[in-house]
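> Structure file query39.pdb (PDB, C-alpha atoms) is given on the next line.
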```
MODEL        1
ATOM      1  CA  MET A   1       0.000   0.000   0.000
ATOM      2  CA  THR A   2       1.557   3.213  -1.140
ATOM      3  CA  VAL A   3       0.421   6.814  -1.241
ATOM      4  CA  SER A   4      -0.841   7.345  -4.757
ATOM      5  CA  PRO A   5      -1.169  10.821  -6.303
ATOM      6  CA  ASP A   6      -4.948  10.486  -6.097
ATOM      7  CA  TRP A   7      -4.838  10.907  -2.344
ATOM      8  CA  TYR A   8      -2.905  14.126  -2.615
ATOM      9  CA  LEU A   9      -5.230  15.496  -5.276
ATOM     10  CA  ALA A  10      -8.320  14.582  -3.267
ATOM     11  CA  LEU A  11      -6.843  16.250  -0.185
ATOM     12  CA  SER A  12      -6.026  19.283  -2.297
ATOM     13  CA  ALA A  13      -9.604  19.457  -3.593
ATOM     14  CA  VAL A  14     -11.008  19.277  -0.058
ATOM     15  CA  LEU A  15      -8.573  21.926   1.170
ATOM     16  CA  PHE A  16      -9.574  24.201  -1.692
ATOM     17  CA  ALA A  17     -13.247  23.628  -0.873
ATOM     18  CA  ILE A  18     -12.724  24.580   2.767
ATOM     19  CA  GLY A  19     -10.930  27.741   1.688
ATOM     20  CA  ALA A  20     -13.682  28.655  -0.760
ATOM     21  CA  LEU A  21     -16.280  28.026   1.933
ATOM     22  CA  GLY A  22     -14.435  30.354   4.262
ATOM     23  CA  VAL A  23     -14.349  33.134   1.670
ATOM     24  CA  LEU A  24     -18.067  32.719   1.046
ATOM     25  CA  VAL A  25     -19.162  32.469   4.670
ATOM     26  CA  ARG A  26     -16.866  34.627   6.772
ATOM     27  CA  ARG A  27     -17.358  38.386   6.987
ATOM     28  CA  ASN A  28     -14.071  39.466   8.512
ATOM     29  CA  VAL A  29     -11.764  40.679   5.740
ATOM     30  CA  LEU A  30      -8.635  39.326   7.428
ATOM     31  CA  VAL A  31     -10.103  35.845   7.848
ATOM     32  CA  MET A  32     -11.220  35.925   4.211
ATOM     33  CA  PHE A  33      -7.604  36.659   3.276
ATOM     34  CA  MET A  34      -6.443  33.638   5.230
ATOM     35  CA  CYS A  35      -8.973  31.487   3.409
ATOM     36  CA  VAL A  36      -7.553  32.726   0.097
ATOM     37  CA  GLU A  37      -4.175  31.540   1.361
ATOM     38  CA  LEU A  38      -5.733  28.134   2.031
ATOM     39  CA  MET A  39      -6.898  27.946  -1.570
ATOM     40  CA  LEU A  40      -3.457  28.949  -2.846
ATOM     41  CA  ASN A  41      -1.931  26.198  -0.741
ATOM     42  CA  ALA A  42      -4.338  23.660  -2.184
ATOM     43  CA  ALA A  43      -3.196  24.704  -5.655
ATOM     44  CA  ASN A  44       0.436  24.402  -4.572
ATOM     45  CA  LEU A  45      -0.160  20.897  -3.290
ATOM     46  CA  SER A  46      -1.693  19.940  -6.636
ATOM     47  CA  PHE A  47       1.253  21.431  -8.513
ATOM     48  CA  VAL A  48       3.783  19.483  -6.483
ATOM     49  CA  THR A  49       1.791  16.287  -6.903
ATOM     50  CA  PHE A  50       1.629  16.696 -10.662
ATOM     51  CA  ALA A  51       5.314  17.580 -10.764
ATOM     52  CA  ARG A  52       6.179  14.374  -9.003
ATOM     53  CA  THR A  53       3.763  12.217 -10.990
ATOM     54  CA  LEU A  54       4.845  13.506 -14.398
ATOM     55  CA  HIS A  55       8.525  13.851 -13.404
ATOM     56  CA  ASP A  56       8.407  17.465 -14.453
ATOM     57  CA  ILE A  57      10.244  20.255 -12.666
ATOM     58  CA  GLY A  58       7.847  22.865 -14.094
ATOM     59  CA  GLY A  59       5.250  22.216 -11.421
ATOM     60  CA  GLN A  60       7.704  22.994  -8.667
ATOM     61  CA  VAL A  61       8.829  26.178 -10.416
ATOM     62  CA  LEU A  62       5.188  27.208 -10.616
ATOM     63  CA  VAL A  63       4.808  26.689  -6.863
ATOM     64  CA  PHE A  64       7.717  29.054  -6.449
ATOM     65  CA  PHE A  65       5.935  31.718  -8.480
ATOM     66  CA  VAL A  66       2.667  31.161  -6.632
ATOM     67  CA  LEU A  67       4.513  31.788  -3.380
ATOM     68  CA  VAL A  68       5.843  35.093  -4.694
ATOM     69  CA  VAL A  69       2.434  36.189  -5.963
ATOM     70  CA  ALA A  70       0.847  35.206  -2.648
ATOM     71  CA  ALA A  71       3.367  37.317  -0.765
ATOM     72  CA  ALA A  72       2.701  40.315  -3.025
ATOM     73  CA  GLU A  73      -1.046  39.827  -2.689
ATOM     74  CA  VAL A  74      -0.882  39.707   1.102
ATOM     75  CA  VAL A  75       1.245  42.855   1.233
ATOM     76  CA  VAL A  76      -1.136  44.862  -0.956
ATOM     77  CA  GLY A  77      -4.234  43.379   0.669
ATOM     78  CA  LEU A  78      -3.137  44.156   4.194
ATOM     79  CA  GLY A  79      -2.208  47.667   3.062
ATOM     80  CA  LEU A  80      -5.780  48.017   1.820
ATOM     81  CA  VAL A  81      -7.138  46.719   5.132
ATOM     82  CA  VAL A  82      -5.052  49.257   7.041
ATOM     83  CA  ALA A  83      -6.286  52.027   4.725
ATOM     84  CA  ILE A  84      -9.905  50.917   5.266
ATOM     85  CA  PHE A  85      -9.416  50.892   9.024
ATOM     86  CA  ARG A  86      -8.379  54.532   8.888
ATOM     87  CA  ARG A  87     -11.937  55.420   7.886
ATOM     88  CA  ARG A  88     -14.160  52.904   9.644
ATOM     89  CA  ALA A  89     -13.857  50.900  12.792
ATOM     90  CA  ASN A  90     -14.574  47.375  11.630
ATOM     91  CA  ALA A  91     -13.229  45.042   8.977
ATOM     92  CA  THR A  92     -16.549  43.572   7.917
ATOM     93  CA  ALA A  93     -16.815  43.007   4.203
ATOM     94  CA  ASP A  94     -20.564  43.704   4.085
ATOM     95  CA  ASP A  95     -20.111  47.264   5.291
ATOM     96  CA  LEU A  96     -17.726  48.167   2.480
ATOM     97  CA  HIS A  97     -20.270  48.885  -0.211
ATOM     98  CA  LEU A  98     -19.394  52.456  -1.103
ATOM     99  CA  MET A  99     -16.788  53.230  -3.704
ATOM    100  CA  LYS A 100     -15.974  56.464  -1.925
ATOM    101  CA  GLY A 101     -15.104  54.576   1.243
TER     102      GLY A 101
ATOM    103  CA  MET B   1      12.385  19.444  11.838
ATOM    104  CA  VAL B   2      11.520  19.212   8.158
ATOM    105  CA  GLY B   3      15.020  18.023   7.488
ATOM    106  CA  MET B   4      14.653  15.349  10.140
ATOM    107  CA  ILE B   5      11.413  14.151   8.607
ATOM    108  CA  GLY B   6      13.001  14.199   5.179
ATOM    109  CA  ALA B   7      15.982  12.196   6.344
ATOM    110  CA  ALA B   8      13.715   9.714   8.088
ATOM    111  CA  LEU B   9      11.588   9.405   4.982
ATOM    112  CA  ALA B  10      14.575   9.013   2.689
ATOM    113  CA  GLY B  11      15.865   6.233   4.895
ATOM    114  CA  ALA B  12      12.462   4.635   5.163
ATOM    115  CA  THR B  13      11.692   4.694   1.464
ATOM    116  CA  GLY B  14      15.153   3.432   0.637
ATOM    117  CA  THR B  15      14.396   0.262   2.505
ATOM    118  CA  GLY B  16      10.924   0.018   1.072
ATOM    119  CA  HIS B  17       8.773   0.833   4.102
ATOM    120  CA  SER B  18       5.879   2.408   2.283
ATOM    121  CA  TRP B  19       3.726   2.255   5.406
ATOM    122  CA  VAL B  20       5.817   5.146   6.707
ATOM    123  CA  ASP B  21       4.665   7.138   3.705
ATOM    124  CA  VAL B  22       1.060   6.204   4.335
ATOM    125  CA  GLY B  23       1.221   6.987   8.025
ATOM    126  CA  THR B  24       2.912  10.316   7.448
ATOM    127  CA  PHE B  25       0.376  11.219   4.788
ATOM    128  CA  VAL B  26      -2.563  10.397   7.041
ATOM    129  CA  VAL B  27      -1.183  12.391   9.962
ATOM    130  CA  ALA B  28      -0.236  15.361   7.768
ATOM    131  CA  ALA B  29      -3.601  15.305   5.992
ATOM    132  CA  ALA B  30      -5.401  15.294   9.344
ATOM    133  CA  ILE B  31      -3.298  18.268  10.466
ATOM    134  CA  VAL B  32      -3.977  20.121   7.214
ATOM    135  CA  LEU B  33      -7.723  19.587   7.329
ATOM    136  CA  ALA B  34      -8.030  20.342  11.042
ATOM    137  CA  GLY B  35      -6.110  23.568  10.557
ATOM    138  CA  ALA B  36      -8.183  24.577   7.551
ATOM    139  CA  ILE B  37     -11.447  23.978   9.388
ATOM    140  CA  GLY B  38     -10.026  25.870  12.338
ATOM    141  CA  VAL B  39      -9.274  28.877  10.130
ATOM    142  CA  VAL B  40     -12.866  28.977   8.932
ATOM    143  CA  VAL B  41     -14.659  28.424  12.248
ATOM    144  CA  ALA B  42     -12.401  30.284  14.693
ATOM    145  CA  ARG B  43     -14.070  33.364  16.152
ATOM    146  CA  ASN B  44     -10.886  35.167  16.989
ATOM    147  CA  PRO B  45      -8.758  36.233  13.979
ATOM    148  CA  VAL B  46      -5.597  35.466  15.965
ATOM    149  CA  HIS B  47      -6.732  31.878  16.380
ATOM    150  CA  SER B  48      -7.438  31.740  12.653
ATOM    151  CA  ALA B  49      -3.883  32.869  11.925
ATOM    152  CA  LEU B  50      -2.418  30.244  14.254
ATOM    153  CA  MET B  51      -4.582  27.556  12.655
ATOM    154  CA  LEU B  52      -3.278  28.754   9.303
ATOM    155  CA  VAL B  53       0.269  28.062  10.519
ATOM    156  CA  MET B  54      -0.816  24.523  11.356
ATOM    157  CA  THR B  55      -2.195  23.978   7.866
ATOM    158  CA  LEU B  56       0.896  25.451   6.212
ATOM    159  CA  PHE B  57       3.148  23.197   8.238
ATOM    160  CA  GLY B  58       1.088  20.164   7.273
ATOM    161  CA  VAL B  59       1.376  21.124   3.616
ATOM    162  CA  ALA B  60       5.146  21.463   4.069
ATOM    163  CA  VAL B  61       5.257  17.914   5.448
ATOM    164  CA  LEU B  62       3.344  16.745   2.389
ATOM    165  CA  PHE B  63       5.920  18.505   0.185
ATOM    166  CA  VAL B  64       8.700  16.613   1.945
ATOM    167  CA  LEU B  65       6.752  13.418   1.463
ATOM    168  CA  GLN B  66       6.775  14.084  -2.290
ATOM    169  CA  ARG B  67      10.598  14.428  -2.358
ATOM    170  CA  ASP B  68      10.483  18.176  -2.545
ATOM    171  CA  PRO B  69      12.436  19.363   0.497
ATOM    172  CA  PHE B  70      13.383  22.753  -0.916
ATOM    173  CA  LEU B  71       9.820  23.927  -1.443
ATOM    174  CA  ALA B  72       8.915  22.604   1.991
ATOM    175  CA  ALA B  73      11.602  24.785   3.536
ATOM    176  CA  VAL B  74      10.482  27.762   1.471
ATOM    177  CA  GLN B  75       6.896  27.099   2.508
ATOM    178  CA  VAL B  76       7.777  27.171   6.193
ATOM    179  CA  ILE B  77      10.079  30.181   5.906
ATOM    180  CA  VAL B  78       7.963  32.354   3.600
ATOM    181  CA  TYR B  79       4.440  31.394   4.602
ATOM    182  CA  ALA B  80       4.691  30.565   8.281
ATOM    183  CA  GLY B  81       7.624  32.855   8.885
ATOM    184  CA  ALA B  82       6.699  35.938   6.897
ATOM    185  CA  ILE B  83       3.105  35.969   5.688
ATOM    186  CA  VAL B  84       1.424  34.765   8.866
ATOM    187  CA  VAL B  85       3.591  37.078  10.945
ATOM    188  CA  LEU B  86       2.417  39.911   8.702
ATOM    189  CA  PHE B  87      -1.181  38.816   9.294
ATOM    190  CA  LEU B  88      -0.674  38.724  13.049
ATOM    191  CA  PHE B  89       1.050  42.090  12.998
ATOM    192  CA  VAL B  90      -1.849  43.709  11.150
ATOM    193  CA  ILE B  91      -4.408  42.016  13.429
ATOM    194  CA  MET B  92      -2.712  43.319  16.559
ATOM    195  CA  PHE B  93      -1.948  46.700  15.005
ATOM    196  CA  LEU B  94      -5.585  47.285  14.115
ATOM    197  CA  GLY B  95      -6.822  45.888  17.399
ATOM    198  CA  VAL B  96      -9.269  43.390  15.946
ATOM    199  CA  ASP B  97      -8.024  40.570  18.169
ATOM    200  CA  ARG B  98     -11.402  40.105  19.796
ATOM    201  CA  GLU B  99     -14.151  37.571  19.503
ATOM    202  CA  GLU B 100     -16.446  37.950  16.554
ATOM    203  CA  ASN B 101     -20.129  37.124  16.569
ATOM    204  CA  ILE B 102     -20.273  34.318  14.024
ATOM    205  CA  GLY B 103     -23.934  33.568  14.635
ATOM    206  CA  PHE B 104     -25.046  36.849  13.072
ATOM    207  CA  GLU B 105     -26.065  36.213   9.470
ATOM    208  CA  PRO B 106     -26.971  39.351   7.493
ATOM    209  CA  LEU B 107     -27.887  37.553   4.289
ATOM    210  CA  ARG B 108     -30.494  34.945   5.041
ATOM    211  CA  GLY B 109     -29.722  31.581   3.484
ATOM    212  CA  GLN B 110     -26.195  32.534   2.508
ATOM    213  CA  ARG B 111     -24.511  29.882   4.596
ATOM    214  CA  PRO B 112     -26.620  26.851   3.606
ATOM    215  CA  LEU B 113     -26.321  27.971  -0.002
ATOM    216  CA  ALA B 114     -22.544  28.348   0.254
ATOM    217  CA  ILE B 115     -22.107  24.987   1.998
ATOM    218  CA  GLY B 116     -24.354  23.248  -0.525
ATOM    219  CA  LEU B 117     -22.528  24.835  -3.443
ATOM    220  CA  VAL B 118     -19.099  23.923  -2.103
ATOM    221  CA  VAL B 119     -20.073  20.350  -1.233
ATOM    222  CA  LEU B 120     -21.649  19.923  -4.674
ATOM    223  CA  GLY B 121     -18.582  21.323  -6.436
ATOM    224  CA  THR B 122     -16.153  19.224  -4.437
ATOM    225  CA  THR B 123     -18.142  16.041  -4.957
ATOM    226  CA  GLY B 124     -18.283  16.738  -8.671
ATOM    227  CA  LEU B 125     -14.549  17.376  -8.781
ATOM    228  CA  LEU B 126     -13.733  14.181  -6.882
ATOM    229  CA  LEU B 127     -16.077  12.126  -9.051
ATOM    230  CA  LEU B 128     -14.563  13.648 -12.160
ATOM    231  CA  GLY B 129     -11.119  12.738 -10.928
ATOM    232  CA  GLN B 130     -12.254   9.235 -10.121
ATOM    233  CA  VAL B 131     -13.936   8.650 -13.481
ATOM    234  CA  SER B 132     -11.236  10.105 -15.646
ATOM    235  CA  ARG B 133      -7.739   9.309 -14.521
ATOM    236  CA  TRP B 134      -6.410  11.763 -11.956
ATOM    237  CA  THR B 135      -3.175  12.687 -13.652
ATOM    238  CA  THR B 136      -2.982  13.022 -17.365
ATOM    239  CA  GLY B 137      -0.501  14.793 -19.573
ATOM    240  CA  ALA B 138       2.865  14.335 -21.149
ATOM    241  CA  PRO B 139       5.643  13.549 -18.701
ATOM    242  CA  HIS B 140       8.528  15.967 -18.249
ATOM    243  CA  VAL B 141       7.859  18.639 -20.837
ATOM    244  CA  ALA B 142       9.524  21.462 -18.960
ATOM    245  CA  GLY B 143      12.464  19.477 -17.654
ATOM    246  CA  VAL B 144      13.143  16.138 -16.081
ATOM    247  CA  ASP B 145      12.798  15.870 -12.349
ATOM    248  CA  GLY B 146      14.641  13.216 -10.469
ATOM    249  CA  GLY B 147      17.695  11.332 -11.550
ATOM    250  CA  LYS B 148      21.053  11.991 -10.011
ATOM    251  CA  GLN B 149      20.750  15.765  -9.714
ATOM    252  CA  SER B 150      19.323  17.157  -6.537
ATOM    253  CA  ASN B 151      15.963  18.848  -6.395
ATOM    254  CA  VAL B 152      17.459  22.239  -5.598
ATOM    255  CA  TYR B 153      19.887  22.028  -8.519
ATOM    256  CA  LEU B 154      17.119  21.226 -11.000
ATOM    257  CA  LEU B 155      14.829  23.900  -9.616
ATOM    258  CA  GLY B 156      17.511  26.573  -9.726
ATOM    259  CA  LYS B 157      18.592  25.634 -13.214
ATOM    260  CA  SER B 158      15.004  25.738 -14.439
ATOM    261  CA  VAL B 159      14.267  29.079 -12.811
ATOM    262  CA  TYR B 160      17.373  30.745 -14.206
ATOM    263  CA  THR B 161      17.165  29.331 -17.739
ATOM    264  CA  THR B 162      13.692  28.310 -18.893
ATOM    265  CA  TYR B 163      11.721  30.571 -16.583
ATOM    266  CA  LEU B 164      14.097  33.506 -16.478
ATOM    267  CA  PHE B 165      11.640  36.062 -17.819
ATOM    268  CA  PRO B 166       8.809  35.122 -15.426
ATOM    269  CA  PHE B 167      11.354  35.228 -12.640
ATOM    270  CA  GLU B 168      12.320  38.790 -13.557
ATOM    271  CA  ALA B 169       8.631  39.656 -13.808
ATOM    272  CA  THR B 170       8.011  38.428 -10.270
ATOM    273  CA  ALA B 171      10.859  40.610  -9.079
ATOM    274  CA  ALA B 172       9.142  43.607 -10.663
ATOM    275  CA  LEU B 173       5.848  42.464  -9.149
ATOM    276  CA  LEU B 174       7.329  42.402  -5.663
ATOM    277  CA  VAL B 175       8.728  45.911  -6.053
ATOM    278  CA  ILE B 176       5.356  47.152  -7.298
ATOM    279  CA  ALA B 177       3.613  45.456  -4.375
ATOM    280  CA  VAL B 178       5.933  47.095  -1.858
ATOM    281  CA  VAL B 179       5.410  50.527  -3.423
ATOM    282  CA  GLY B 180       1.665  49.916  -3.523
ATOM    283  CA  ALA B 181       1.568  48.947   0.145
ATOM    284  CA  VAL B 182       3.499  52.076   1.095
ATOM    285  CA  VAL B 183       1.134  54.276  -0.942
ATOM    286  CA  LEU B 184      -1.963  52.592   0.493
ATOM    287  CA  ALA B 185      -0.963  52.531   4.129
ATOM    288  CA  ARG B 186       0.576  55.998   4.177
ATOM    289  CA  ARG B 187      -1.366  58.634   6.045
ATOM    290  CA  PRO B 188      -2.289  61.343   3.525
ATOM    291  CA  PRO B 189      -1.534  64.935   4.476
ATOM    292  CA  THR B 190      -4.697  66.687   5.665
ATOM    293  CA  GLY B 191      -6.375  68.881   3.101
ATOM    294  CA  ALA B 192      -4.313  67.465   0.260
ATOM    295  CA  ASN B 193      -7.052  65.263  -1.137
ATOM    296  CA  PRO B 194     -10.676  66.281  -0.545
ATOM    297  CA  VAL B 195     -12.040  62.960  -1.813
ATOM    298  CA  THR B 196     -10.206  60.812   0.684
ATOM    299  CA  ASP B 197     -10.630  63.255   3.496
ATOM    300  CA  ALA B 198     -14.381  63.744   3.249
ATOM    301  CA  PRO B 199     -15.446  60.365   4.696
ATOM    302  CA  ALA B 200     -13.009  60.738   7.555
ATOM    303  CA  GLU B 201     -15.145  63.552   8.902
ATOM    304  CA  ALA B 202     -18.311  61.516   8.498
ATOM    305  CA  VAL B 203     -17.066  58.843  10.864
ATOM    306  CA  PRO B 204     -17.416  60.045  14.444
ATOM    307  CA  ALA B 205     -14.212  59.940  16.383
ATOM    308  CA  GLY B 206     -15.812  57.873  19.111
ATOM    309  CA  ALA B 207     -16.542  55.044  16.691
ATOM    310  CA  MET B 208     -12.872  54.297  16.293
ATOM    311  CA  PRO B 209     -11.442  51.788  18.735
ATOM    312  CA  ALA B 210      -8.553  52.992  20.793
ATOM    313  CA  ASN B 211      -6.126  50.717  19.018
ATOM    314  CA  ALA B 212      -7.197  51.649  15.512
ATOM    315  CA  MET B 213      -5.289  54.905  15.561
ATOM    316  CA  PRO B 214      -2.172  54.610  17.616
ATOM    317  CA  ALA B 215      -0.938  57.798  19.123
ATOM    318  CA  PRO B 216       2.440  57.933  17.332
ATOM    319  CA  THR B 217       0.780  58.210  13.924
ATOM    320  CA  GLU B 218      -1.120  61.253  15.066
ATOM    321  CA  GLU B 219       1.959  63.284  15.710
ATOM    322  CA  PRO B 220       3.502  64.014  12.284
ATOM    323  CA  ALA B 221       2.491  67.618  12.624
ATOM    324  CA  SER B 222       5.355  68.706  10.435
ATOM    325  CA  VAL B 223       3.492  67.289   7.440
ATOM    326  CA  ASP B 224       0.184  68.835   8.435
ATOM    327  CA  ALA B 225       1.533  72.173   9.523
ATOM    328  CA  PRO B 226       2.106  73.862   6.130
ATOM    329  CA  GLU B 227      -1.488  73.403   5.014
ATOM    330  CA  PRO B 228      -3.279  75.435   7.704
ATOM    331  CA  HIS B 229      -0.479  77.949   7.539
ATOM    332  CA  HIS B 230      -1.185  78.687   3.905
ATOM    333  CA  GLU B 231      -4.895  78.938   4.509
ATOM    334  CA  ALA B 232      -4.496  81.213   7.472
ATOM    335  CA  ARG B 233      -2.388  83.711   5.603
ATOM    336  CA  PRO B 234      -5.000  85.461   3.359
TER     337      PRO B 234
ENDMDL
END
```
I need this file expressed as C-alpha cells, please.

Amino acid sequence: MTVSPDWYLALSAVLFAIGALGVLVRRNVLVMFMCVELMLNAANLSFVTFARTLHDIGGQVLVFFVLVVAAAEVVVGLGLVVAIFRRRANATADDLHLMKG
Amino acid sequence: MVGMIGAALAGATGTGHSWVDVGTFVVAAAIVLAGAIGVVVARNPVHSALMLVMTLFGVAVLFVLQRDPFLAAVQVIVYAGAIVVLFLFVIMFLGVDREENIGFEPLRGQRPLAIGLVVLGTTGLLLLGQVSRWTTGAPHVAGVDGGKQSNVYLLGKSVYTTYLFPFEATAALLVIAVVGAVVLARRPPTGANPVTDAPAEAVPAGAMPANAMPAPTEEPASVDAPEPHHEARP
C-alpha cells in the first residue's frame, strides 16, 4: 500500500473547498484573506503532486511563483485593510459597499 | 524538523517501508484539514492565523513526502515565517483581536447555499477525478525531475534558464507590491485630497477603537503644519 497521487489530489480538492467556503461564509476581511491563502496552498499541493507524478520540474517552479504572488497579494491586501481601518472601525466586508469609502 | 522528517523518509523509502509514507500522509492530511477547518470556524482572527500556521506546516510535510524538500523549507520560511507574521502584525496593530459574533447572518440563506454549493462542487470534482484518470498529460515537458541531480539544482537551473523572464517579472511584481503597500498605508496629508478626506469627517471619532489609531501616527504635525499655515495667511 503506497500513497498514490490520487490521495494528494483529493486532499487538495477538499482543502480548496474549505478555503472557498471560508471566503463565502466569513465576513471578517482578514479571515477571508487567510482562506484565500488556504486555496493557494491547495493549488500548490496539486502542482507538487503533478510535478512528481509527471517527473516534471515545471510544477515545482510554478509553486515558487505562486509563493511570490501570494506574498505580493498579502502585502497589498493588508495595506488596503489598514487604509480601510483609517476610515471605519470594523473590517466587515458587508459594510464596504461604497466606492468612496 | 523538516530536514529530520526528510531524512527519516529518505531512509524509510530506501528500505521500502511504504507504510511510513502512508502513516505520514494520514497524519499530515489530518493536520492540514483540522487547521483549515479551524481557520474557517475560529471566532478570533488570531486563532485563525495560528490555525493557518498549522495547515501550512502540514502542507510542508506533504511537500517533503513528495521528495520536494526545498519547497517545503520555502513554505515554512515564507508562509509561516513571513506571511502569517504579517497577518498577526496587522491584526494586533488594528486591534481586531477580539471575539467575533459568528452567529449573526446578514444575508439569510447565505450559509446553507454556500455549503451546498461547495459540497456539490467538491463532490463533482472528486467524481470527475475518479472517473477520468487523476493525472494526465505528457511527462517531463519542462524538464526532467529526479535522476542523479538534486531537487534544488534542478529547480535553480530551471528558474534561471527556462523561466528567467517570469522570474524577472516576479521581481518587478514584488517591487510594485511594496510601493503599492506604502502608498496605500501611508497617512495622507490633511487637506491634500478632498475625496479621501471627506469620509473621515463623516465617521465620528468615538466610533474608532482605541487601538485603531495609535498615538504615534497622530503626531507628524510637520506634514500637516504647512497646510493650515497657507490657509491662514489670506
> Would you mind reading off the distance between CA of Leu45 in chain A and CA of Phe57 in chain B, one decimal, in Å?
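A separation of 12.2 Å between them.
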> On this structure, which residues satisfy the PyMOL selection byres ((chain A and resi 41) around 9), written as a PyMOL selection string?
(chain A and resi 12+15-16+36-40+42-46+66-67) or (chain B and resi 55-56+59)
> For the residues in the current selection, export C-alpha atoms as an mmCIF file, keeping the file's coordinate frame.

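Writing done, so here's selection07.cif:
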```cif
data_model
loop_
_atom_site.group_PDB
_atom_site.id
_atom_site.type_symbol
_atom_site.label_atom_id
_atom_site.label_comp_id
_atom_site.auth_asym_id
_atom_site.auth_seq_id
_atom_site.Cartn_x
_atom_site.Cartn_y
_atom_site.Cartn_z
ATOM 1 C CA SER A 12 -6.026 19.283 -2.297
ATOM 2 C CA LEU A 15 -8.573 21.926 1.170
ATOM 3 C CA PHE A 16 -9.574 24.201 -1.692
ATOM 4 C CA VAL A 36 -7.553 32.726 0.097
ATOM 5 C CA GLU A 37 -4.175 31.540 1.361
ATOM 6 C CA LEU A 38 -5.733 28.134 2.031
ATOM 7 C CA MET A 39 -6.898 27.946 -1.570
ATOM 8 C CA LEU A 40 -3.457 28.949 -2.846
ATOM 9 C CA ALA A 42 -4.338 23.660 -2.184
ATOM 10 C CA ALA A 43 -3.196 24.704 -5.655
ATOM 11 C CA ASN A 44 0.436 24.402 -4.572
ATOM 12 C CA LEU A 45 -0.160 20.897 -3.290
ATOM 13 C CA SER A 46 -1.693 19.940 -6.636
ATOM 14 C CA VAL A 66 2.667 31.161 -6.632
ATOM 15 C CA LEU A 67 4.513 31.788 -3.380
ATOM 16 C CA THR B 55 -2.195 23.978 7.866
ATOM 17 C CA LEU B 56 0.896 25.451 6.212
ATOM 18 C CA VAL B 59 1.376 21.124 3.616
#
```
> Just give me the residues with any atom within 10 Å of (-4.3, 45.3, 1.2), file coordinates, counting only C-alpha atoms, written as a VMD selection string.
(chain A and resid 29 to 30 33 72 to 84) or (chain B and resid 177 180 to 181 184 to 185)
> CA of Gly35 in chain B and CA of Leu71 in chain B are how many Å apart?
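It comes out at 19.9 Å.
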> Step by step, work through what the PyMOL selection byres ((chain A and resi 21-26) around 10) selects in the shown file, and finish by giving those residues as an MDAnalysis selection string.
(chainID A and resid 15:20 27:36 38:39 92:93) or (chainID B and resid 36:37 39:41 43 102 105 110:119)
> From the set B:Val20, B:Val131, B:Pro188, B:Met54, which residue has the shortest atom-to-atom contact distance to Ala34 in chain B, counting all atoms listed in the file?
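Closest to Ala34 in chain B, using all atoms listed in the file: B:Met54.
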> With 4 Å added on each side, what axis-aligned box encloses every listed atom of range 74-90 of chain A? Give the centre and edge lengths in Å to one decimal, as lines of an AutoDock Vina configuration file.

```
center_x = -6.7
center_y = 47.6
center_z = 5.9
size_x = 23.8
size_y = 23.7
size_z = 21.7
```
> Which residue out of B:Ser150, B:Arg186, B:Ile31, B:Glu99 has the minimum interatomic distance to chain A when all atoms listed in the file are used?
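Under the stated criterion, the closest residue is B:Arg186.
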> What would the selection look like, as a VMD selection string, if the PyMOL selection byres ((chain B and resi 22) around 12) were run on the coordinates I just shared?
(chain A and resid 1 to 5 7 to 8) or (chain B and resid 9 12 to 13 17 to 21 23 to 29 62 65 to 66)
> Kindly give the distance, in Å, that separates CA of Val152 in chain B and CA of Phe165 in chain B, rounded to a single decimal.
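Pair CA of Val152 in chain B / CA of Phe165 in chain B returns 19.3 Å.
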